[in-house]
file target22.cif (mmCIF, C-alpha atoms)
data_model
loop_
_atom_site.label_atom_id
_atom_site.label_comp_id
_atom_site.auth_asym_id
_atom_site.auth_seq_id
_atom_site.Cartn_x
_atom_site.Cartn_y
_atom_site.Cartn_z
CA MET A 1 13.86 70.18 6.53
CA ILE A 2 14.89 66.56 6.92
CA GLU A 3 16.92 64.90 4.23
CA VAL A 4 16.26 61.33 3.15
CA TYR A 5 18.74 59.54 0.92
CA THR A 6 17.58 57.01 -1.60
CA GLN A 7 18.67 53.41 -1.34
CA SER A 8 18.53 50.43 -3.67
CA LEU A 9 15.31 48.47 -3.47
CA SER A 10 15.64 44.95 -2.07
CA GLN A 11 13.21 42.33 -0.87
CA GLU A 12 14.82 42.36 2.57
CA LEU A 13 14.48 46.09 3.14
CA PHE A 14 11.03 46.32 1.60
CA ALA A 15 9.49 43.32 3.41
CA PRO A 16 7.66 45.38 6.07
CA PHE A 17 5.90 47.35 3.33
CA GLY A 18 4.99 44.82 0.68
CA ASP A 19 6.51 42.72 -2.09
CA VAL A 20 9.39 43.35 -4.43
CA ILE A 21 8.34 41.59 -7.63
CA GLU A 22 11.49 40.44 -9.38
CA VAL A 23 13.17 37.41 -10.84
CA SER A 24 15.21 35.85 -8.07
CA GLY A 25 16.44 32.33 -7.49
CA THR A 26 15.44 29.52 -9.80
CA PRO A 27 12.03 29.47 -11.48
CA ASP A 28 9.28 27.65 -9.63
CA LYS A 29 8.46 25.88 -12.87
CA MET A 30 9.83 25.66 -16.39
CA ILE A 31 7.09 25.89 -19.03
CA ASN A 32 6.75 26.19 -22.81
CA LYS A 33 9.21 23.40 -23.63
CA ALA A 34 11.67 24.87 -21.13
CA MET A 35 11.75 28.18 -23.01
CA CYS A 36 10.18 30.05 -20.08
CA GLY A 37 10.56 30.17 -16.32
CA ARG A 38 7.53 30.83 -14.15
CA PHE A 39 8.22 32.64 -10.88
CA HIS A 40 4.95 31.78 -9.25
CA ASP A 41 2.63 33.83 -7.07
CA ARG A 42 5.07 36.58 -6.15
CA ALA A 43 2.79 39.21 -4.59
CA HIS A 44 0.24 39.34 -1.80
CA LEU A 45 -2.62 40.93 -3.70
CA GLN A 46 -5.20 42.08 -1.18
CA THR A 47 -8.77 43.32 -1.38
CA ASP A 48 -11.66 43.47 1.03
CA PRO A 49 -14.61 41.21 0.14
CA GLU A 50 -16.69 44.17 -1.11
CA GLY A 51 -14.06 45.01 -3.70
CA ARG A 52 -12.28 43.07 -6.41
CA LEU A 53 -8.82 43.13 -7.94
CA GLY A 54 -8.68 45.15 -11.14
CA LEU A 55 -6.12 46.20 -13.71
CA SER A 56 -5.54 49.84 -14.66
CA LEU A 57 -2.86 51.85 -16.40
CA PHE A 58 -1.12 54.82 -14.85
CA GLN A 59 0.64 57.25 -17.15
CA SER A 60 2.62 59.69 -15.06
CA GLN A 61 4.93 62.56 -15.75
CA SER A 62 8.44 61.85 -14.52
CA PHE A 63 10.10 63.43 -11.49
CA ALA A 64 13.64 64.65 -10.96
CA LEU A 65 15.69 64.15 -7.83
CA PRO A 66 16.06 65.75 -5.39
CA LEU A 67 12.33 66.11 -4.77
CA MET A 68 10.24 67.48 -1.95
CA LEU A 69 7.94 64.98 -0.28
CA GLU A 70 4.99 66.64 1.41
CA MET A 71 2.34 63.94 1.38
CA VAL A 72 1.93 60.20 1.68
CA GLU A 73 -1.22 58.13 1.38
CA ARG A 74 -2.51 54.68 2.18
CA HIS A 75 -5.28 52.40 1.03
CA PRO A 76 -7.16 50.69 3.86
CA LEU A 77 -9.09 48.28 1.64
CA GLY A 78 -6.43 46.73 -0.55
CA SER A 79 -2.89 46.46 -1.87
CA GLN A 80 -1.55 48.28 -4.91
CA ALA A 81 0.96 46.79 -7.34
CA PHE A 82 2.98 49.01 -9.69
CA ILE A 83 4.41 47.19 -12.70
CA PRO A 84 6.70 49.28 -14.90
CA MET A 85 6.12 48.77 -18.64
CA HIS A 86 9.70 49.84 -19.32
CA GLN A 87 13.15 49.18 -17.92
CA ASN A 88 13.71 52.53 -16.24
CA PRO A 89 14.27 52.74 -12.48
CA PHE A 90 11.53 54.43 -10.49
CA LEU A 91 11.28 55.79 -6.98
CA VAL A 92 9.27 53.99 -4.30
CA ILE A 93 8.60 55.95 -1.13
CA VAL A 94 7.09 54.26 1.91
CA ALA A 95 6.82 55.14 5.59
CA PRO A 96 6.26 53.12 8.74
CA ASP A 97 3.09 53.74 10.67
CA GLN A 98 3.47 55.26 14.11
CA ALA A 99 0.21 55.32 16.02
CA GLY A 100 -1.85 56.08 12.95
CA GLN A 101 0.53 58.56 11.37
CA PRO A 102 3.44 58.03 9.00
CA GLY A 103 6.96 58.26 10.39
CA THR A 104 10.10 59.25 8.51
CA PRO A 105 9.86 57.98 4.94
CA LEU A 106 12.21 55.60 3.20
CA ALA A 107 13.01 56.14 -0.47
CA PHE A 108 13.91 53.18 -2.65
CA VAL A 109 15.08 53.17 -6.26
CA THR A 110 14.34 50.11 -8.40
CA ASN A 111 16.93 48.49 -10.66
CA GLY A 112 14.87 48.59 -13.86
CA ALA A 113 13.63 45.00 -13.60
CA GLN A 114 11.62 45.27 -10.38
CA ALA A 115 7.95 45.93 -9.72
CA VAL A 116 6.44 46.46 -6.29
CA ASN A 117 3.25 45.56 -4.49
CA ILE A 118 2.51 47.98 -1.67
CA GLY A 119 0.58 46.34 1.15
CA ARG A 120 -2.85 47.35 2.36
CA ASP A 121 -2.69 50.22 4.84
CA ILE A 122 0.98 50.97 4.13
CA TRP A 123 1.88 54.67 3.87
CA HIS A 124 3.47 55.45 0.53
CA GLY A 125 4.24 58.29 -1.82
CA VAL A 126 2.49 58.74 -5.13
CA LEU A 127 3.88 57.08 -8.24
CA THR A 128 7.24 58.70 -9.04
CA PRO A 129 8.85 57.54 -12.25
CA LEU A 130 12.31 58.99 -12.81
CA ALA A 131 12.20 58.82 -16.60
CA ASP A 132 9.71 58.95 -19.43
CA PRO A 133 7.52 57.15 -20.36
CA GLY A 134 6.04 56.85 -16.89
CA LEU A 135 3.78 53.99 -17.93
CA PHE A 136 2.74 51.40 -15.36
CA THR A 137 0.17 48.67 -15.02
CA VAL A 138 -1.47 48.89 -11.62
CA ILE A 139 -3.26 46.02 -9.90
CA ASP A 140 -5.38 47.35 -7.10
CA ARG A 141 -8.72 47.10 -5.39
CA ILE A 142 -11.69 48.34 -7.37
CA GLY A 143 -15.02 48.96 -5.68
CA SER A 144 -17.05 51.45 -3.72
CA GLY A 145 -16.11 52.80 -0.30
CA ASN A 146 -13.33 55.12 0.82
CA ASN A 147 -10.01 53.49 0.01
CA LEU A 148 -7.79 56.56 0.31
CA GLU A 149 -6.26 58.28 3.32
CA GLU A 150 -3.80 61.13 2.82
CA PHE A 151 -1.34 62.58 5.31
CA TRP A 152 0.44 65.88 4.85
CA TYR A 153 3.70 66.22 6.75
CA LYS A 154 4.13 69.46 8.71
CA THR A 155 7.64 69.73 7.37
CA PRO A 156 8.40 68.27 3.95
CA PHE A 157 11.24 65.83 3.41
CA ARG A 158 13.91 66.32 0.80
CA ILE A 159 14.58 63.09 -1.10
CA ILE A 160 18.16 63.06 -2.31
CA PRO A 161 19.88 60.55 -4.59
CA ASN A 162 22.48 58.49 -2.80
CA MET B 1 1.94 24.21 -44.47
CA ILE B 2 -0.27 27.23 -44.06
CA GLU B 3 1.26 30.66 -43.80
CA VAL B 4 -0.07 33.26 -41.38
CA TYR B 5 1.08 36.84 -41.62
CA THR B 6 1.45 38.97 -38.53
CA GLN B 7 -0.66 42.08 -38.10
CA SER B 8 -0.56 45.02 -35.75
CA LEU B 9 -2.42 44.49 -32.49
CA SER B 10 -5.52 46.63 -32.02
CA GLN B 11 -8.43 46.62 -29.61
CA GLU B 12 -10.85 46.16 -32.46
CA LEU B 13 -9.20 43.10 -33.95
CA PHE B 14 -8.45 41.54 -30.57
CA ALA B 15 -11.88 42.06 -29.00
CA PRO B 16 -13.13 38.48 -29.59
CA PHE B 17 -10.12 37.13 -27.69
CA GLY B 18 -9.61 39.46 -24.77
CA ASP B 19 -8.37 42.92 -23.87
CA VAL B 20 -5.63 45.07 -25.35
CA ILE B 21 -4.29 46.97 -22.35
CA GLU B 22 -3.02 50.31 -23.59
CA VAL B 23 -3.33 54.03 -23.07
CA SER B 24 -6.09 55.23 -25.35
CA GLY B 25 -8.38 58.21 -25.20
CA THR B 26 -8.35 60.55 -22.26
CA PRO B 27 -7.61 59.29 -18.74
CA ASP B 28 -10.63 58.26 -16.68
CA LYS B 29 -9.22 60.31 -13.82
CA MET B 30 -6.30 62.64 -13.23
CA ILE B 31 -4.54 61.92 -9.92
CA ASN B 32 -1.42 63.00 -8.04
CA LYS B 33 -1.94 66.73 -8.51
CA ALA B 34 -2.66 66.12 -12.18
CA MET B 35 0.76 64.57 -12.70
CA CYS B 36 -0.76 61.17 -13.53
CA GLY B 37 -3.61 59.83 -15.61
CA ARG B 38 -5.47 56.74 -14.46
CA PHE B 39 -6.93 54.57 -17.22
CA HIS B 40 -9.27 52.64 -15.02
CA ASP B 41 -10.22 48.97 -15.01
CA ARG B 42 -8.94 48.07 -18.45
CA ALA B 43 -9.08 44.26 -18.37
CA HIS B 44 -11.64 41.58 -17.69
CA LEU B 45 -9.70 39.53 -15.16
CA GLN B 46 -11.48 36.23 -14.71
CA THR B 47 -11.24 33.35 -12.26
CA ASP B 48 -13.57 30.62 -11.13
CA PRO B 49 -14.66 30.86 -7.48
CA GLU B 50 -12.32 28.05 -6.42
CA GLY B 51 -9.31 29.98 -7.66
CA ARG B 52 -7.97 33.48 -7.05
CA LEU B 53 -6.12 36.03 -9.14
CA GLY B 54 -2.39 35.95 -8.58
CA LEU B 55 0.70 37.68 -9.86
CA SER B 56 3.66 35.80 -11.30
CA LEU B 57 6.69 36.62 -13.43
CA PHE B 58 7.48 34.88 -16.69
CA GLN B 59 11.02 35.08 -18.00
CA SER B 60 11.11 33.68 -21.50
CA GLN B 61 13.72 33.24 -24.14
CA SER B 62 12.94 35.28 -27.21
CA PHE B 63 11.74 33.94 -30.55
CA ALA B 64 12.61 34.92 -34.10
CA LEU B 65 10.19 35.24 -36.99
CA PRO B 66 9.25 33.36 -39.03
CA LEU B 67 8.33 30.69 -36.48
CA MET B 68 6.52 27.39 -36.65
CA LEU B 69 3.33 27.16 -34.61
CA GLU B 70 2.46 23.60 -33.69
CA MET B 71 0.45 24.02 -30.50
CA VAL B 72 -2.03 26.34 -28.84
CA GLU B 73 -3.52 26.10 -25.38
CA ARG B 74 -6.38 27.49 -23.36
CA HIS B 75 -7.28 27.95 -19.72
CA PRO B 76 -10.86 26.96 -18.87
CA LEU B 77 -10.81 28.42 -15.36
CA GLY B 78 -9.51 31.95 -15.84
CA SER B 79 -8.01 34.72 -17.95
CA GLN B 80 -4.30 35.40 -18.34
CA ALA B 81 -2.80 38.87 -18.64
CA PHE B 82 0.71 39.38 -20.04
CA ILE B 83 2.30 42.70 -19.09
CA PRO B 84 5.68 43.40 -20.71
CA MET B 85 8.25 44.90 -18.32
CA HIS B 86 10.04 46.46 -21.29
CA GLN B 87 9.13 48.39 -24.42
CA ASN B 88 9.83 45.68 -26.96
CA PRO B 89 7.05 44.37 -29.20
CA PHE B 90 5.98 40.79 -28.61
CA LEU B 91 3.93 38.30 -30.55
CA VAL B 92 0.40 37.36 -29.48
CA ILE B 93 -1.10 34.33 -31.19
CA VAL B 94 -4.77 33.45 -30.71
CA ALA B 95 -7.24 31.24 -32.53
CA PRO B 96 -11.02 31.11 -32.73
CA ASP B 97 -12.74 28.05 -31.34
CA GLN B 98 -14.53 25.84 -33.82
CA ALA B 99 -16.59 23.14 -32.12
CA GLY B 100 -14.04 22.63 -29.37
CA GLN B 101 -10.94 22.85 -31.53
CA PRO B 102 -8.86 25.85 -32.56
CA GLY B 103 -9.22 27.21 -36.08
CA THR B 104 -6.61 29.06 -38.10
CA PRO B 105 -4.54 31.22 -35.76
CA LEU B 106 -4.12 34.98 -35.91
CA ALA B 107 -0.75 36.50 -35.06
CA PHE B 108 -0.57 40.00 -33.63
CA VAL B 109 2.49 42.09 -32.88
CA THR B 110 2.30 44.68 -30.10
CA ASN B 111 3.62 48.21 -30.49
CA GLY B 112 5.84 48.21 -27.41
CA ALA B 113 3.34 49.96 -25.15
CA GLN B 114 0.60 47.33 -25.13
CA ALA B 115 -0.18 44.48 -22.78
CA VAL B 116 -2.87 41.87 -23.35
CA ASN B 117 -5.37 39.94 -21.30
CA ILE B 118 -6.35 36.69 -22.95
CA GLY B 119 -9.85 35.63 -22.03
CA ARG B 120 -10.86 32.44 -20.28
CA ASP B 121 -11.12 29.51 -22.69
CA ILE B 122 -9.50 31.39 -25.57
CA TRP B 123 -7.01 29.38 -27.63
CA HIS B 124 -3.59 31.06 -27.66
CA GLY B 125 0.04 30.40 -28.32
CA VAL B 126 2.63 30.35 -25.59
CA LEU B 127 4.39 33.56 -24.61
CA THR B 128 6.53 34.67 -27.56
CA PRO B 129 8.71 37.71 -26.90
CA LEU B 130 10.60 38.91 -29.97
CA ALA B 131 13.49 40.44 -28.06
CA ASP B 132 15.39 40.03 -24.83
CA PRO B 133 14.72 40.39 -21.97
CA GLY B 134 11.51 38.40 -22.25
CA LEU B 135 10.31 39.54 -18.84
CA PHE B 136 6.58 39.76 -18.18
CA THR B 137 4.28 40.10 -15.22
CA VAL B 138 1.42 37.64 -15.56
CA ILE B 139 -1.92 37.97 -13.80
CA ASP B 140 -3.76 34.69 -13.91
CA ARG B 141 -5.84 32.26 -11.94
CA ILE B 142 -4.06 30.42 -9.16
CA GLY B 143 -5.64 27.41 -7.54
CA SER B 144 -6.08 23.66 -7.81
CA GLY B 145 -7.86 21.90 -10.64
CA ASN B 146 -6.90 21.42 -14.29
CA ASN B 147 -6.63 24.83 -15.93
CA LEU B 148 -4.71 23.82 -19.03
CA GLU B 149 -5.85 22.30 -22.31
CA GLU B 150 -3.38 21.90 -25.17
CA PHE B 151 -4.10 21.30 -28.85
CA TRP B 152 -1.51 20.16 -31.36
CA TYR B 153 -2.27 21.07 -34.96
CA LYS B 154 -1.90 18.23 -37.46
CA THR B 155 -0.06 20.61 -39.76
CA PRO B 156 1.94 23.42 -38.21
CA PHE B 157 1.47 27.02 -39.26
CA ARG B 158 4.29 29.24 -40.38
CA ILE B 159 4.05 32.70 -38.77
CA ILE B 160 5.59 35.28 -41.06
CA PRO B 161 6.26 38.96 -40.38
CA ASN B 162 4.11 41.23 -42.44
#
call {"tool": "encode", "arguments": {"input": "target22.cif", "output": "structure tokens"}}
result
Amino acid sequence: MIEVYTQSLSQELFAPFGDVIEVSGTPDKMINKAMCGRFHDRAHLQTDPEGRLGLSLFQSQSFALPLMLEMVERHPLGSQAFIPMHQNPFLVIVAPDQAGQPGTPLAFVTNGAQAVNIGRDIWHGVLTPLADPGLFTVIDRIGSGNNLEEFWYKTPFRIIPN
Amino acid sequence: MIEVYTQSLSQELFAPFGDVIEVSGTPDKMINKAMCGRFHDRAHLQTDPEGRLGLSLFQSQSFALPLMLEMVERHPLGSQAFIPMHQNPFLVIVAPDQAGQPGTPLAFVTNGAQAVNIGRDIWHGVLTPLADPGLFTVIDRIGSGNNLEEFWYKTPFRIIPN
């Protein structure tokens, strides 16, 4: 069994896989009589032309570390953004593609004020909140067609807190 | 000065103005080995064809009740969803349209697990978190063209906690 240690989520490390959605730098615009900063257009939301972007809620049970990772999945027709409706860190697992199959996964932990947008066709683990309530808004592609591919690793990975 | 008392946000009361995004009823689908419920397609995200739906962050200072409401605005080209990235209630002010001008506003307070999607062309107040951090993900229309109309009431309203 291969061990994978978690690491802190950052835009730099996550760039090959999608967007870290977080307040960083100065706002692109101050609005509402300067009461509010707008950090504009911070995710590459993707859908094929046959689909559309929709908004759903995911309510998930929480997971404890270490955990066994047996499966990752990807969505060939669109991106998938996970927006926590709480301030609890959650686990984001992604894996590079290697000739159509996922390689060794990376496991990121958010800082409590970060959301993520996982790119189209990027291998990733299922939603893994680390605390209750595991409530998230999800922005993803809605439409007909097969938008899910799963891959089961021959040997599971053990995800261990760093 | 007219006084407006806040009321609890509910799908029923908010229906003329947009969507209350919340877990209600049974999940439309259980996913992730039944660890997670998906409440599917819970908002009417709207944009004109010249625009696209985008994701931004709003970081707002918080407001205290009672507050004075002088202005509401509306977006003729698309909807605007406000997703709290915390569990604190926030204030949602909307107003019915009366021959092109906003009528008496309604003031709703969320329960800490609700987001809202304000419909296209619906009069509403600016983002008014009631606690820090006032961090929200916003899904709205991004594109050129004038998507903002403001209306200043001759006499401000006083929004009072119920």
call {"tool": "closest_atom_pairs", "arguments": {"input": "target22.cif", "of": "chain A", "to": "chain B", "cutoff": "6 Å", "atoms": "only C-alpha atoms", "output": "tab-separated table"}}
result
residue	atom	partner	partner_atom	distance
A:Met35	CA	B:Gln61	CA	5.5
A:Cys36	CA	B:Ser60	CA	4.0
A:Gly37	CA	B:Gln59	CA	5.2
A:Arg38	CA	B:Phe58	CA	4.8
A:Phe39	CA	B:Leu57	CA	5.0
A:His40	CA	B:Ser56	CA	4.7
A:Asp41	CA	B:Ser56	CA	4.8
A:Arg42	CA	B:Ser56	CA	5.4
A:Ala43	CA	B:Leu55	CA	5.9
A:Gly54	CA	B:Asp41	CA	5.7
A:Leu55	CA	B:Asp41	CA	5.1
A:Ser56	CA	B:His40	CA	4.7
A:Leu57	CA	B:Phe39	CA	5.0
A:Phe58	CA	B:Arg38	CA	4.8
A:Gln59	CA	B:Gly37	CA	5.2
A:Ser60	CA	B:Cys36	CA	4.0
A:Gln61	CA	B:Met35	CA	5.5
A:Pro84	CA	B:Met85	CA	5.8
A:Met85	CA	B:Met85	CA	4.4
A:His86	CA	B:His86	CA	3.9
A:Gln87	CA	B:His86	CA	5.3
call {"tool": "resolve_selection", "arguments": {"input": "target22.cif", "expression": "the PyMOL selection byres ((chain B and resi 144-148) around 9)", "output": "ChimeraX atom specification"}}
result
/B:50-51,73-78,141-143,149-150
call {"tool": "write_last_selection", "arguments": {"input": "target22.cif", "atoms": "C-alpha atoms", "output": "JSON list (two decimals), keeping the file's coordinate frame"}}
result
[["chain", "number", "residue", "atom", "x", "y", "z"],
["B", 50, "GLU", "CA", -12.32, 28.05, -6.42],
["B", 51, "GLY", "CA", -9.31, 29.98, -7.66],
["B", 73, "GLU", "CA", -3.52, 26.10, -25.38],
["B", 74, "ARG", "CA", -6.38, 27.49, -23.36],
["B", 75, "HIS", "CA", -7.28, 27.95, -19.72],
["B", 76, "PRO", "CA", -10.86, 26.96, -18.87],
["B", 77, "LEU", "CA", -10.81, 28.42, -15.36],
["B", 78, "GLY", "CA", -9.51, 31.95, -15.84],
["B", 141, "ARG", "CA", -5.84, 32.26, -11.94],
["B", 142, "ILE", "CA", -4.06, 30.42, -9.16],
["B", 143, "GLY", "CA", -5.64, 27.41, -7.54],
["B", 149, "GLU", "CA", -5.85, 22.30, -22.31],
["B", 150, "GLU", "CA", -3.38, 21.90, -25.17]]
call {"tool": "atom_distance", "arguments": {"input": "target22.cif", "atom1": "atom CA of Met1 of chain B", "atom2": "atom CA of Gly119 of chain B"}}
result
27.8 Å
call {"tool": "atom_distance", "arguments": {"input": "target22.cif", "atom1": "atom CA of Met71 of chain B", "atom2": "atom CA of Pro49 of chain B"}}
result
28.4 Å
call {"tool": "atom_distance", "arguments": {"input": "target22.cif", "atom1": "atom CA of Val116 of chain B", "atom2": "atom CA of Phe108 of chain A"}}
result
28.9 Å
call {"tool": "resolve_selection", "arguments": {"input": "target22.cif", "expression": "the PyMOL selection byres ((chain B and resi 162) around 8)", "output": "MDAnalysis selection string"}}
result
chainID B and resid 5:7 160:161
call {"tool": "write_last_selection", "arguments": {"input": "target22.cif", "atoms": "C-alpha atoms", "output": "short mmCIF file (atom, residue, chain, number, x, y, z; two decimals), keeping the file's coordinate frame"}}
result
data_model
loop_
_atom_site.label_atom_id
_atom_site.label_comp_id
_atom_site.auth_asym_id
_atom_site.auth_seq_id
_atom_site.Cartn_x
_atom_site.Cartn_y
_atom_site.Cartn_z
CA TYR B 5 1.08 36.84 -41.62
CA THR B 6 1.45 38.97 -38.53
CA GLN B 7 -0.66 42.08 -38.10
CA ILE B 160 5.59 35.28 -41.06
CA PRO B 161 6.26 38.96 -40.38
#
call {"tool": "resolve_selection", "arguments": {"input": "target22.cif", "expression": "the PyMOL selection byres ((chain A and resi 158) around 12)", "output": "JSON, numbers by chain"}}
result
{"A": [1, 2, 3, 4, 5, 6, 64, 65, 66, 67, 68, 69, 70, 71, 93, 104, 105, 106, 107, 153, 155, 156, 157, 159, 160, 161]}
call {"tool": "closest_residue", "arguments": {"input": "target22.cif", "among": "B:His124, B:Thr47, B:Gln11, B:Asn111", "to": "Val92 of chain B", "atoms": "only C-alpha atoms"}}
result
B:His124
call {"tool": "axis_aligned_box", "arguments": {"input": "target22.cif", "around": "segment 94-104 of chain B", "padding_each_side": "8 Å", "output": "AutoDock Vina command-line options"}}
result
--center_x -10.7 --center_y 28.0 --center_z -33.7 --size_x 27.8 --size_y 26.8 --size_z 24.7
call {"tool": "build_atoms", "arguments": {"input": "target22.cif", "residues": "segment 115-123 of chain B", "atoms": "all heavy atoms", "output": "compact mmCIF listing (two decimals), in the frame of the given file"}}
result
# COMPACT_ATOMS: atom_id res chain seq x y z
N ALA B 115 -0.10 45.77 -23.44
CA ALA B 115 -0.18 44.48 -22.78
C ALA B 115 -1.47 43.82 -23.25
O ALA B 115 -2.30 44.46 -23.92
CB ALA B 115 -0.19 44.64 -21.26
N VAL B 116 -1.63 42.54 -22.95
CA VAL B 116 -2.87 41.87 -23.35
C VAL B 116 -3.41 41.03 -22.19
O VAL B 116 -2.65 40.55 -21.34
CB VAL B 116 -2.67 40.92 -24.56
CG1 VAL B 116 -2.33 41.70 -25.82
CG2 VAL B 116 -1.64 39.85 -24.28
N ASN B 117 -4.71 40.90 -22.18
CA ASN B 117 -5.37 39.94 -21.30
C ASN B 117 -6.14 38.96 -22.17
O ASN B 117 -7.07 39.35 -22.87
CB ASN B 117 -6.32 40.66 -20.34
CG ASN B 117 -6.97 39.72 -19.35
OD1 ASN B 117 -6.30 38.92 -18.70
ND2 ASN B 117 -8.30 39.79 -19.25
N ILE B 118 -5.71 37.72 -22.14
CA ILE B 118 -6.35 36.69 -22.95
C ILE B 118 -7.50 36.09 -22.14
O ILE B 118 -7.32 35.69 -20.99
CB ILE B 118 -5.32 35.62 -23.36
CG1 ILE B 118 -4.28 36.26 -24.29
CG2 ILE B 118 -6.00 34.43 -24.03
CD1 ILE B 118 -3.11 35.39 -24.62
N GLY B 119 -8.65 36.06 -22.74
CA GLY B 119 -9.85 35.63 -22.03
C GLY B 119 -9.83 34.16 -21.66
O GLY B 119 -9.12 33.34 -22.26
N ARG B 120 -10.66 33.82 -20.68
CA ARG B 120 -10.86 32.44 -20.28
C ARG B 120 -11.31 31.63 -21.49
O ARG B 120 -12.15 32.10 -22.27
CB ARG B 120 -11.93 32.41 -19.18
CG ARG B 120 -12.20 31.08 -18.56
CD ARG B 120 -13.08 31.22 -17.32
NE ARG B 120 -14.34 31.91 -17.60
CZ ARG B 120 -15.42 31.31 -18.10
NH1 ARG B 120 -15.39 30.03 -18.38
NH2 ARG B 120 -16.51 32.01 -18.31
N ASP B 121 -10.71 30.47 -21.66
CA ASP B 121 -11.12 29.51 -22.69
C ASP B 121 -10.78 29.95 -24.11
O ASP B 121 -11.29 29.36 -25.08
CB ASP B 121 -12.63 29.24 -22.60
CG ASP B 121 -12.92 27.78 -22.27
OD1 ASP B 121 -11.97 26.99 -22.17
OD2 ASP B 121 -14.10 27.44 -22.09
N ILE B 122 -9.93 30.94 -24.24
CA ILE B 122 -9.50 31.39 -25.57
C ILE B 122 -8.21 30.66 -25.96
O ILE B 122 -7.21 30.69 -25.21
CB ILE B 122 -9.27 32.91 -25.56
CG1 ILE B 122 -10.58 33.66 -25.28
CG2 ILE B 122 -8.63 33.36 -26.88
CD1 ILE B 122 -11.63 33.51 -26.37
N TRP B 123 -8.22 30.04 -27.11
CA TRP B 123 -7.01 29.38 -27.63
C TRP B 123 -5.93 30.42 -27.89
O TRP B 123 -6.19 31.44 -28.50
CB TRP B 123 -7.32 28.64 -28.94
CG TRP B 123 -8.27 27.49 -28.80
CD1 TRP B 123 -9.56 27.43 -29.26
CD2 TRP B 123 -8.00 26.21 -28.20
NE1 TRP B 123 -10.11 26.20 -28.97
CE2 TRP B 123 -9.18 25.43 -28.31
CE3 TRP B 123 -6.89 25.66 -27.55
CZ2 TRP B 123 -9.27 24.14 -27.82
CZ3 TRP B 123 -6.99 24.35 -27.06
CH2 TRP B 123 -8.17 23.60 -27.20
